[in-house]
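Q: Below is the file final-v7.cif, which contains mmCIF, N, CA and C atoms and all ligand atoms.
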data_protein
#
loop_
_atom_site.label_atom_id
_atom_site.label_comp_id
_atom_site.auth_asym_id
_atom_site.auth_seq_id
_atom_site.Cartn_x
_atom_site.Cartn_y
_atom_site.Cartn_z
N MET A 1 -24.58 -64.56 17.60
CA MET A 1 -25.18 -64.64 18.94
C MET A 1 -26.66 -64.98 18.81
N PRO A 2 -27.12 -66.03 19.48
CA PRO A 2 -28.55 -66.35 19.37
C PRO A 2 -29.40 -65.33 20.10
N LEU A 3 -30.61 -65.15 19.61
CA LEU A 3 -31.53 -64.25 20.27
C LEU A 3 -31.98 -64.86 21.59
N ALA A 4 -32.21 -63.99 22.57
CA ALA A 4 -32.75 -64.48 23.83
C ALA A 4 -34.18 -64.94 23.60
N THR A 5 -34.49 -66.13 24.07
CA THR A 5 -35.88 -66.57 24.00
C THR A 5 -36.41 -66.82 25.41
N ASP A 6 -35.70 -66.26 26.40
CA ASP A 6 -36.18 -66.31 27.78
C ASP A 6 -36.78 -64.97 28.14
N PRO A 7 -38.04 -64.97 28.56
CA PRO A 7 -38.62 -63.69 28.95
C PRO A 7 -38.14 -63.27 30.34
N GLU A 8 -37.86 -62.00 30.45
CA GLU A 8 -37.50 -61.45 31.75
C GLU A 8 -38.78 -61.09 32.50
N HIS A 9 -39.74 -60.55 31.74
CA HIS A 9 -40.99 -60.11 32.34
C HIS A 9 -42.10 -60.19 31.30
N ILE A 10 -43.26 -60.68 31.70
CA ILE A 10 -44.39 -60.77 30.77
C ILE A 10 -45.57 -60.01 31.35
N ALA A 11 -46.15 -59.11 30.57
CA ALA A 11 -47.34 -58.39 31.00
C ALA A 11 -48.50 -58.81 30.12
N ILE A 12 -49.53 -59.37 30.75
CA ILE A 12 -50.66 -59.88 29.99
C ILE A 12 -51.89 -59.03 30.24
N SER A 13 -52.48 -58.52 29.17
CA SER A 13 -53.77 -57.85 29.27
C SER A 13 -54.74 -58.63 28.40
N LYS A 14 -55.75 -59.22 29.02
CA LYS A 14 -56.63 -60.11 28.25
C LYS A 14 -57.42 -59.39 27.17
N SER A 15 -57.58 -58.08 27.30
CA SER A 15 -58.33 -57.37 26.27
C SER A 15 -57.44 -56.58 25.33
N LYS A 16 -56.13 -56.54 25.62
CA LYS A 16 -55.24 -55.75 24.75
C LYS A 16 -54.16 -56.58 24.08
N GLY A 17 -53.50 -57.39 24.86
CA GLY A 17 -52.42 -58.16 24.26
C GLY A 17 -51.34 -58.48 25.28
N ILE A 18 -50.18 -58.84 24.77
CA ILE A 18 -49.09 -59.29 25.63
C ILE A 18 -47.84 -58.47 25.33
N LYS A 19 -47.15 -58.10 26.41
CA LYS A 19 -45.85 -57.44 26.26
C LYS A 19 -44.80 -58.31 26.93
N ILE A 20 -43.70 -58.48 26.26
CA ILE A 20 -42.63 -59.29 26.83
C ILE A 20 -41.33 -58.51 26.82
N ASP A 21 -40.69 -58.45 27.99
CA ASP A 21 -39.32 -57.96 28.09
C ASP A 21 -38.41 -59.17 28.09
N TRP A 22 -37.49 -59.20 27.15
CA TRP A 22 -36.59 -60.34 27.02
C TRP A 22 -35.32 -60.14 27.84
N LYS A 23 -34.68 -61.27 28.11
CA LYS A 23 -33.44 -61.22 28.91
C LYS A 23 -32.35 -60.38 28.26
N ASP A 24 -32.40 -60.26 26.93
CA ASP A 24 -31.37 -59.46 26.27
C ASP A 24 -31.75 -57.98 26.17
N GLY A 25 -32.86 -57.61 26.86
CA GLY A 25 -33.22 -56.20 26.88
C GLY A 25 -34.21 -55.80 25.80
N HIS A 26 -34.52 -56.70 24.87
CA HIS A 26 -35.46 -56.38 23.82
C HIS A 26 -36.88 -56.40 24.38
N ARG A 27 -37.74 -55.56 23.81
CA ARG A 27 -39.14 -55.56 24.25
C ARG A 27 -40.05 -55.81 23.06
N SER A 28 -41.01 -56.72 23.26
CA SER A 28 -41.95 -57.04 22.20
C SER A 28 -43.36 -56.75 22.68
N GLU A 29 -44.16 -56.17 21.80
CA GLU A 29 -45.57 -55.91 22.13
C GLU A 29 -46.43 -56.55 21.07
N TYR A 30 -47.37 -57.37 21.51
CA TYR A 30 -48.23 -58.11 20.59
C TYR A 30 -49.68 -57.72 20.80
N GLN A 31 -50.31 -57.28 19.70
CA GLN A 31 -51.75 -57.03 19.77
C GLN A 31 -52.49 -58.37 19.72
N LEU A 32 -53.70 -58.38 20.29
CA LEU A 32 -54.49 -59.62 20.31
C LEU A 32 -54.65 -60.23 18.93
N GLN A 33 -55.09 -59.41 17.97
CA GLN A 33 -55.37 -59.96 16.65
C GLN A 33 -54.09 -60.51 16.01
N TYR A 34 -52.99 -59.84 16.27
CA TYR A 34 -51.71 -60.30 15.74
C TYR A 34 -51.36 -61.68 16.29
N LEU A 35 -51.55 -61.84 17.59
CA LEU A 35 -51.27 -63.13 18.21
C LEU A 35 -52.19 -64.21 17.66
N ARG A 36 -53.47 -63.85 17.52
CA ARG A 36 -54.43 -64.82 17.01
C ARG A 36 -54.06 -65.25 15.59
N ASP A 37 -53.62 -64.27 14.78
CA ASP A 37 -53.24 -64.58 13.40
C ASP A 37 -51.96 -65.41 13.34
N HIS A 38 -51.16 -65.35 14.39
CA HIS A 38 -49.91 -66.11 14.39
C HIS A 38 -50.00 -67.31 15.31
N CYS A 39 -51.20 -67.82 15.50
CA CYS A 39 -51.36 -69.03 16.30
C CYS A 39 -50.50 -70.14 15.71
N PRO A 40 -49.68 -70.78 16.57
CA PRO A 40 -48.75 -71.78 16.05
C PRO A 40 -49.34 -73.18 15.92
N CYS A 41 -50.62 -73.38 16.22
CA CYS A 41 -51.16 -74.74 16.21
C CYS A 41 -51.24 -75.29 14.80
N ALA A 42 -51.36 -76.60 14.70
CA ALA A 42 -51.31 -77.27 13.41
C ALA A 42 -52.42 -76.80 12.47
N SER A 43 -53.62 -76.57 13.00
CA SER A 43 -54.69 -76.21 12.08
C SER A 43 -54.55 -74.78 11.58
N CYS A 44 -53.90 -73.91 12.33
CA CYS A 44 -53.71 -72.54 11.86
C CYS A 44 -52.50 -72.40 10.95
N THR A 45 -51.47 -73.19 11.17
CA THR A 45 -50.26 -73.03 10.37
C THR A 45 -50.23 -73.95 9.18
N GLY A 46 -51.14 -74.93 9.15
CA GLY A 46 -51.16 -75.84 8.02
C GLY A 46 -50.10 -76.91 8.11
N ALA A 47 -49.58 -77.17 9.32
CA ALA A 47 -48.65 -78.28 9.47
C ALA A 47 -49.39 -79.57 9.17
N HIS A 48 -48.66 -80.64 8.97
CA HIS A 48 -49.23 -81.96 8.68
C HIS A 48 -50.03 -81.97 7.38
N GLY A 49 -49.63 -81.14 6.44
CA GLY A 49 -50.19 -81.28 5.10
C GLY A 49 -51.48 -80.54 4.81
N THR A 50 -52.17 -80.04 5.84
CA THR A 50 -53.39 -79.28 5.54
C THR A 50 -53.01 -77.87 5.13
N PRO A 51 -53.71 -77.31 4.17
CA PRO A 51 -53.38 -75.94 3.77
C PRO A 51 -53.68 -74.97 4.90
N PRO A 52 -52.91 -73.88 5.00
CA PRO A 52 -53.14 -72.93 6.09
C PRO A 52 -54.53 -72.34 6.02
N ALA A 53 -55.14 -72.13 7.16
CA ALA A 53 -56.44 -71.47 7.19
C ALA A 53 -56.27 -70.07 6.64
N PRO A 54 -57.21 -69.62 5.83
CA PRO A 54 -57.09 -68.25 5.33
C PRO A 54 -57.10 -67.27 6.49
N LYS A 55 -56.25 -66.25 6.42
CA LYS A 55 -56.21 -65.28 7.52
C LYS A 55 -57.49 -64.46 7.48
N SER A 56 -57.43 -63.15 7.38
CA SER A 56 -58.70 -62.44 7.31
C SER A 56 -59.23 -62.52 5.89
N ALA A 57 -60.44 -63.01 5.74
CA ALA A 57 -61.03 -63.13 4.42
C ALA A 57 -61.22 -61.74 3.83
N PRO A 58 -60.89 -61.59 2.54
CA PRO A 58 -60.94 -60.25 1.94
C PRO A 58 -62.32 -59.62 1.98
N GLN A 59 -63.38 -60.43 1.87
CA GLN A 59 -64.71 -59.83 1.81
C GLN A 59 -65.10 -59.18 3.14
N GLU A 60 -64.43 -59.56 4.22
CA GLU A 60 -64.79 -58.99 5.52
C GLU A 60 -64.57 -57.48 5.55
N ALA A 61 -63.50 -57.06 4.87
CA ALA A 61 -63.10 -55.66 4.95
C ALA A 61 -64.19 -54.71 4.43
N GLY A 62 -64.69 -54.99 3.22
CA GLY A 62 -65.57 -54.00 2.64
C GLY A 62 -67.04 -54.39 2.63
N ASN A 63 -67.40 -55.41 3.36
CA ASN A 63 -68.78 -55.87 3.32
C ASN A 63 -69.63 -55.15 4.36
N PRO A 64 -70.55 -54.31 3.91
CA PRO A 64 -71.36 -53.54 4.87
C PRO A 64 -72.36 -54.42 5.61
N PHE A 65 -72.59 -55.63 5.10
CA PHE A 65 -73.58 -56.50 5.74
C PHE A 65 -72.94 -57.48 6.71
N MET A 66 -71.65 -57.23 7.00
CA MET A 66 -70.96 -58.13 7.89
C MET A 66 -71.66 -58.19 9.25
N MET A 67 -71.80 -59.40 9.75
CA MET A 67 -72.41 -59.56 11.07
C MET A 67 -71.51 -58.91 12.13
N PHE A 68 -72.13 -58.43 13.17
CA PHE A 68 -71.35 -57.90 14.27
C PHE A 68 -70.49 -59.01 14.86
N LYS A 69 -69.22 -58.71 15.00
CA LYS A 69 -68.32 -59.69 15.58
C LYS A 69 -67.82 -59.16 16.91
N PRO A 70 -68.04 -59.89 18.00
CA PRO A 70 -67.55 -59.39 19.29
C PRO A 70 -66.04 -59.26 19.27
N ALA A 71 -65.53 -58.29 20.01
CA ALA A 71 -64.10 -58.07 20.02
C ALA A 71 -63.37 -59.31 20.53
N LEU A 72 -62.27 -59.60 19.88
CA LEU A 72 -61.45 -60.73 20.28
C LEU A 72 -60.83 -60.46 21.65
N LYS A 73 -60.83 -61.50 22.46
CA LYS A 73 -60.23 -61.40 23.79
C LYS A 73 -59.52 -62.69 24.14
N MET A 74 -58.64 -62.59 25.10
CA MET A 74 -58.08 -63.81 25.65
C MET A 74 -58.87 -64.13 26.92
N LEU A 75 -59.40 -65.34 26.99
CA LEU A 75 -60.14 -65.73 28.20
C LEU A 75 -59.18 -66.19 29.28
N ALA A 76 -58.11 -66.84 28.87
CA ALA A 76 -57.14 -67.34 29.83
C ALA A 76 -55.80 -67.52 29.14
N VAL A 77 -54.76 -67.33 29.91
CA VAL A 77 -53.41 -67.58 29.43
C VAL A 77 -52.77 -68.50 30.46
N GLU A 78 -52.54 -69.75 30.06
CA GLU A 78 -52.02 -70.73 31.02
C GLU A 78 -50.58 -71.05 30.69
N PRO A 79 -49.73 -71.07 31.70
CA PRO A 79 -48.35 -71.48 31.44
C PRO A 79 -48.28 -72.95 31.05
N VAL A 80 -47.41 -73.27 30.12
CA VAL A 80 -47.16 -74.66 29.73
C VAL A 80 -45.69 -74.91 30.02
N GLY A 81 -45.42 -75.72 31.04
CA GLY A 81 -44.03 -75.89 31.46
C GLY A 81 -43.45 -74.52 31.77
N ASN A 82 -42.19 -74.32 31.44
CA ASN A 82 -41.66 -72.96 31.61
C ASN A 82 -41.14 -72.44 30.30
N TYR A 83 -41.71 -72.96 29.22
CA TYR A 83 -41.23 -72.54 27.91
C TYR A 83 -42.32 -71.97 27.02
N ALA A 84 -43.57 -72.01 27.47
CA ALA A 84 -44.65 -71.62 26.57
C ALA A 84 -45.89 -71.23 27.37
N VAL A 85 -46.86 -70.63 26.67
CA VAL A 85 -48.18 -70.39 27.25
C VAL A 85 -49.23 -70.87 26.26
N ARG A 86 -50.36 -71.31 26.81
CA ARG A 86 -51.49 -71.68 25.97
C ARG A 86 -52.53 -70.57 26.10
N ILE A 87 -53.00 -70.08 24.97
CA ILE A 87 -53.98 -68.99 25.00
C ILE A 87 -55.36 -69.52 24.66
N ASN A 88 -56.30 -69.21 25.52
CA ASN A 88 -57.70 -69.52 25.33
C ASN A 88 -58.39 -68.31 24.75
N TRP A 89 -58.79 -68.38 23.49
CA TRP A 89 -59.39 -67.21 22.83
C TRP A 89 -60.89 -67.18 23.02
N SER A 90 -61.44 -65.97 22.96
CA SER A 90 -62.88 -65.82 23.11
C SER A 90 -63.64 -66.40 21.91
N ASP A 91 -62.95 -66.69 20.81
CA ASP A 91 -63.64 -67.30 19.67
C ASP A 91 -63.66 -68.83 19.78
N GLY A 92 -63.21 -69.35 20.94
CA GLY A 92 -63.31 -70.78 21.17
C GLY A 92 -62.04 -71.55 20.83
N HIS A 93 -61.08 -70.87 20.24
CA HIS A 93 -59.85 -71.56 19.85
C HIS A 93 -58.90 -71.62 21.04
N ASN A 94 -58.36 -72.79 21.33
CA ASN A 94 -57.43 -72.87 22.45
C ASN A 94 -56.34 -73.91 22.26
N SER A 95 -56.09 -74.30 21.03
CA SER A 95 -55.08 -75.33 20.84
C SER A 95 -53.71 -74.75 20.51
N GLY A 96 -53.59 -73.43 20.50
CA GLY A 96 -52.30 -72.85 20.19
C GLY A 96 -51.42 -72.77 21.43
N ILE A 97 -50.27 -73.40 21.36
CA ILE A 97 -49.29 -73.28 22.44
C ILE A 97 -48.17 -72.39 21.93
N TYR A 98 -48.08 -71.21 22.53
CA TYR A 98 -47.12 -70.21 22.07
C TYR A 98 -45.84 -70.34 22.89
N SER A 99 -44.83 -70.92 22.28
CA SER A 99 -43.56 -71.01 22.99
C SER A 99 -42.91 -69.63 22.98
N TYR A 100 -42.03 -69.38 23.95
CA TYR A 100 -41.37 -68.08 23.98
C TYR A 100 -40.51 -67.89 22.74
N GLU A 101 -40.01 -69.00 22.22
CA GLU A 101 -39.25 -68.91 20.99
C GLU A 101 -40.14 -68.40 19.85
N HIS A 102 -41.38 -68.91 19.83
CA HIS A 102 -42.34 -68.45 18.82
C HIS A 102 -42.62 -66.95 19.01
N PHE A 103 -42.87 -66.55 20.25
CA PHE A 103 -43.11 -65.14 20.53
C PHE A 103 -41.97 -64.29 19.99
N ARG A 104 -40.75 -64.73 20.27
CA ARG A 104 -39.61 -63.94 19.85
C ARG A 104 -39.54 -63.84 18.33
N ARG A 105 -39.85 -64.97 17.70
CA ARG A 105 -39.77 -65.01 16.25
C ARG A 105 -40.83 -64.12 15.59
N ILE A 106 -42.01 -64.01 16.22
CA ILE A 106 -43.07 -63.20 15.60
C ILE A 106 -43.10 -61.78 16.14
N CYS A 107 -42.08 -61.37 16.89
CA CYS A 107 -42.04 -59.99 17.40
C CYS A 107 -42.32 -59.03 16.25
N PRO A 108 -43.34 -58.15 16.41
CA PRO A 108 -43.74 -57.31 15.29
C PRO A 108 -42.86 -56.07 15.07
N CYS A 109 -41.84 -55.85 15.86
CA CYS A 109 -41.05 -54.63 15.68
C CYS A 109 -40.25 -54.70 14.38
N PRO A 110 -39.94 -53.55 13.80
CA PRO A 110 -39.26 -53.52 12.49
C PRO A 110 -37.92 -54.27 12.50
N ALA A 111 -37.18 -54.18 13.59
CA ALA A 111 -35.88 -54.85 13.64
C ALA A 111 -36.04 -56.36 13.51
N CYS A 112 -37.03 -56.92 14.23
CA CYS A 112 -37.24 -58.36 14.16
C CYS A 112 -37.87 -58.77 12.83
N ARG A 113 -38.74 -57.93 12.29
CA ARG A 113 -39.34 -58.25 10.99
C ARG A 113 -38.25 -58.31 9.94
N ALA A 114 -37.20 -57.51 10.08
CA ALA A 114 -36.10 -57.55 9.11
C ALA A 114 -35.31 -58.85 9.26
N LEU A 115 -35.21 -59.33 10.51
CA LEU A 115 -34.49 -60.58 10.75
C LEU A 115 -35.28 -61.79 10.29
N PHE A 116 -36.58 -61.73 10.50
CA PHE A 116 -37.45 -62.87 10.16
C PHE A 116 -38.53 -62.40 9.21
N PRO A 117 -38.18 -62.27 7.93
CA PRO A 117 -39.12 -61.64 6.99
C PRO A 117 -40.42 -62.43 6.77
N VAL A 118 -40.43 -63.70 7.05
CA VAL A 118 -41.66 -64.46 6.78
C VAL A 118 -42.76 -64.09 7.77
N GLY A 119 -43.99 -64.11 7.32
CA GLY A 119 -45.13 -63.81 8.18
C GLY A 119 -45.29 -62.37 8.26
ZN ZN B 1 -54.54 -72.25 16.05
ZN ZN B 2 -38.49 -57.18 18.08
#
How does this structure look as structure tokens?

A:
Amino acid sequence: MPLATDPEHIAISKSKGIKIDWKDGHRSEYQLQYLRDHCPCASCTGAHGTPPAPKSAPQEAGNPFMMFKPALKMLAVEPVGNYAVRINWSDGHNSGIYSYEHFRRICPCPACRALFPVG
């Protein structure tokens, strides 16, 4: 049986993240940083032959001299057709079009992570 990739209900909080209730009753909750890290656009995923952009650089974690970074936010979430949304990030990135299929695939819950171990 294929997974439902039609959302029944979507709750968007620009400062927290997105929650989706799927038609099959499954619920997914995505934190902002998680969504940003799973941006499906070509420059983030390394499609078309470019190597994937490094996710969080290791030196960021333990560097006491790290510059203050404003909290990540979504400035806008625009529907694209009826199959996807485009997210405008506060860091200026806005080329990621998140299809509902992509959302379903990156659902962070343990059950879905077991189904889709990559990422
Ligand atoms: Zn991207
Ligand atoms: Zn899930």

Q: List as a PyMOL selection string the protein and nucleic acid residues lying within 12 Å of ligand ZN 2 (chain B), with only C-alpha atoms and all ligand atoms counted.

A: chain A and resi 3-5+19-22+24-30+102-117

Q: What do you get as a PDB file with N, CA and C atoms, in the frame of the given file if you pick all residues at most 10 Å from ligand ZN 1 (chain B), counting only C-alpha atoms and all ligand atoms?

A:
ATOM      1  N   LEU A  35     -51.550 -61.840  17.590  1.00  0.00           N
ATOM      2  CA  LEU A  35     -51.270 -63.130  18.210  1.00  0.00           C
ATOM      3  C   LEU A  35     -52.190 -64.210  17.660  1.00  0.00           C
ATOM      4  N   ARG A  36     -53.470 -63.850  17.520  1.00  0.00           N
ATOM      5  CA  ARG A  36     -54.430 -64.820  17.010  1.00  0.00           C
ATOM      6  C   ARG A  36     -54.060 -65.250  15.590  1.00  0.00           C
ATOM      7  N   ASP A  37     -53.620 -64.270  14.780  1.00  0.00           N
ATOM      8  CA  ASP A  37     -53.240 -64.580  13.400  1.00  0.00           C
ATOM      9  C   ASP A  37     -51.960 -65.410  13.340  1.00  0.00           C
ATOM     10  N   HIS A  38     -51.160 -65.350  14.390  1.00  0.00           N
ATOM     11  CA  HIS A  38     -49.910 -66.110  14.390  1.00  0.00           C
ATOM     12  C   HIS A  38     -50.000 -67.310  15.310  1.00  0.00           C
ATOM     13  N   CYS A  39     -51.200 -67.820  15.500  1.00  0.00           N
ATOM     14  CA  CYS A  39     -51.360 -69.030  16.300  1.00  0.00           C
ATOM     15  C   CYS A  39     -50.500 -70.140  15.710  1.00  0.00           C
ATOM     16  N   PRO A  40     -49.680 -70.780  16.570  1.00  0.00           N
ATOM     17  CA  PRO A  40     -48.750 -71.780  16.050  1.00  0.00           C
ATOM     18  C   PRO A  40     -49.340 -73.180  15.920  1.00  0.00           C
ATOM     19  N   CYS A  41     -50.620 -73.380  16.220  1.00  0.00           N
ATOM     20  CA  CYS A  41     -51.160 -74.740  16.210  1.00  0.00           C
ATOM     21  C   CYS A  41     -51.240 -75.290  14.800  1.00  0.00           C
ATOM     22  N   ALA A  42     -51.360 -76.600  14.700  1.00  0.00           N
ATOM     23  CA  ALA A  42     -51.310 -77.270  13.410  1.00  0.00           C
ATOM     24  C   ALA A  42     -52.420 -76.800  12.470  1.00  0.00           C
ATOM     25  N   SER A  43     -53.620 -76.570  13.000  1.00  0.00           N
ATOM     26  CA  SER A  43     -54.690 -76.210  12.080  1.00  0.00           C
ATOM     27  C   SER A  43     -54.550 -74.780  11.580  1.00  0.00           C
ATOM     28  N   CYS A  44     -53.900 -73.910  12.330  1.00  0.00           N
ATOM     29  CA  CYS A  44     -53.710 -72.540  11.860  1.00  0.00           C
ATOM     30  C   CYS A  44     -52.500 -72.400  10.950  1.00  0.00           C
ATOM     31  N   THR A  45     -51.470 -73.190  11.170  1.00  0.00           N
ATOM     32  CA  THR A  45     -50.260 -73.030  10.370  1.00  0.00           C
ATOM     33  C   THR A  45     -50.230 -73.950   9.180  1.00  0.00           C
ATOM     34  N   GLY A  46     -51.140 -74.930   9.150  1.00  0.00           N
ATOM     35  CA  GLY A  46     -51.160 -75.840   8.020  1.00  0.00           C
ATOM     36  C   GLY A  46     -50.100 -76.910   8.110  1.00  0.00           C
ATOM     37  N   ALA A  53     -55.140 -72.130   7.160  1.00  0.00           N
ATOM     38  CA  ALA A  53     -56.440 -71.470   7.190  1.00  0.00           C
ATOM     39  C   ALA A  53     -56.270 -70.070   6.640  1.00  0.00           C
ATOM     40  N   ILE A  87     -53.000 -70.080  24.970  1.00  0.00           N
ATOM     41  CA  ILE A  87     -53.980 -68.990  25.000  1.00  0.00           C
ATOM     42  C   ILE A  87     -55.360 -69.520  24.660  1.00  0.00           C
ATOM     43  N   TRP A  89     -58.790 -68.380  23.490  1.00  0.00           N
ATOM     44  CA  TRP A  89     -59.390 -67.210  22.830  1.00  0.00           C
ATOM     45  C   TRP A  89     -60.890 -67.180  23.020  1.00  0.00           C
ATOM     46  N   HIS A  93     -61.080 -70.870  20.240  1.00  0.00           N
ATOM     47  CA  HIS A  93     -59.850 -71.560  19.850  1.00  0.00           C
ATOM     48  C   HIS A  93     -58.900 -71.620  21.040  1.00  0.00           C
ATOM     49  N   ASN A  94     -58.360 -72.790  21.330  1.00  0.00           N
ATOM     50  CA  ASN A  94     -57.430 -72.870  22.450  1.00  0.00           C
ATOM     51  C   ASN A  94     -56.340 -73.910  22.260  1.00  0.00           C
ATOM     52  N   SER A  95     -56.090 -74.300  21.030  1.00  0.00           N
ATOM     53  CA  SER A  95     -55.080 -75.330  20.840  1.00  0.00           C
ATOM     54  C   SER A  95     -53.710 -74.750  20.510  1.00  0.00           C
ATOM     55  N   GLY A  96     -53.590 -73.430  20.500  1.00  0.00           N
ATOM     56  CA  GLY A  96     -52.300 -72.850  20.190  1.00  0.00           C
ATOM     57  C   GLY A  96     -51.420 -72.770  21.430  1.00  0.00           C
ATOM     58  N   ILE A  97     -50.270 -73.400  21.360  1.00  0.00           N
ATOM     59  CA  ILE A  97     -49.290 -73.280  22.440  1.00  0.00           C
ATOM     60  C   ILE A  97     -48.170 -72.390  21.930  1.00  0.00           C
ATOM     61  N   TYR A  98     -48.080 -71.210  22.530  1.00  0.00           N
ATOM     62  CA  TYR A  98     -47.120 -70.210  22.070  1.00  0.00           C
ATOM     63  C   TYR A  98     -45.840 -70.340  22.890  1.00  0.00           C
TER      64      TYR A  98
END

Q: Rounded to one decimal, what separation in Å do you get between atom N of A:Ile12 and atom CA of A:Glu101?

A: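 Rounded to one decimal, the two atoms are 17.1 Å apart.
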
Q: When you count only N, CA and C atoms, which of these residues is closest to A:Ser13: A:Lys69, A:Met74, A:Gly92, A:Ala84?

A: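 Checking each of A:Lys69, A:Met74, A:Gly92, A:Ala84 against A:Ser13, counting only N, CA and C atoms, the winner is A:Met74.
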
Q: Which one is closest to A:Pro7: A:Gln33, A:Lys23, A:Ala71, A:Arg86? Count all atoms listed in the file.

A: A:Lys23

Q: Just the number, please: distance in Å from atom CA of A:Asp91 to atom CA of A:Glu8, one decimal.

A: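 So the answer is 29.4 Å.
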
Q: Among stretch 15-49 of chain A, which residues does DSSP mark as helix (DSSP H, G or I) when it is run on the backbone? Keep the chain and numbering as in the structure and answer as a PyMOL selection string.

A: chain A and resi 32-37+42-45+47-49

Q: Could you check the closest approach to A:Ser15 for each of A:Phe68, A:Tyr100, A:Asn88, A:Leu75 and tell me which residue wins, using only C-alpha atoms?

A: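 Closest to A:Ser15 of all the choices is A:Leu75.
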
Q: Go ahead and compute the interatomic distance for atom CA of A:Tyr34 and atom CA of A:Gly17, in Å to one decimal.

A: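 Computed distance, atom CA of A:Tyr34 to atom CA of A:Gly17, equals 8.8 Å.
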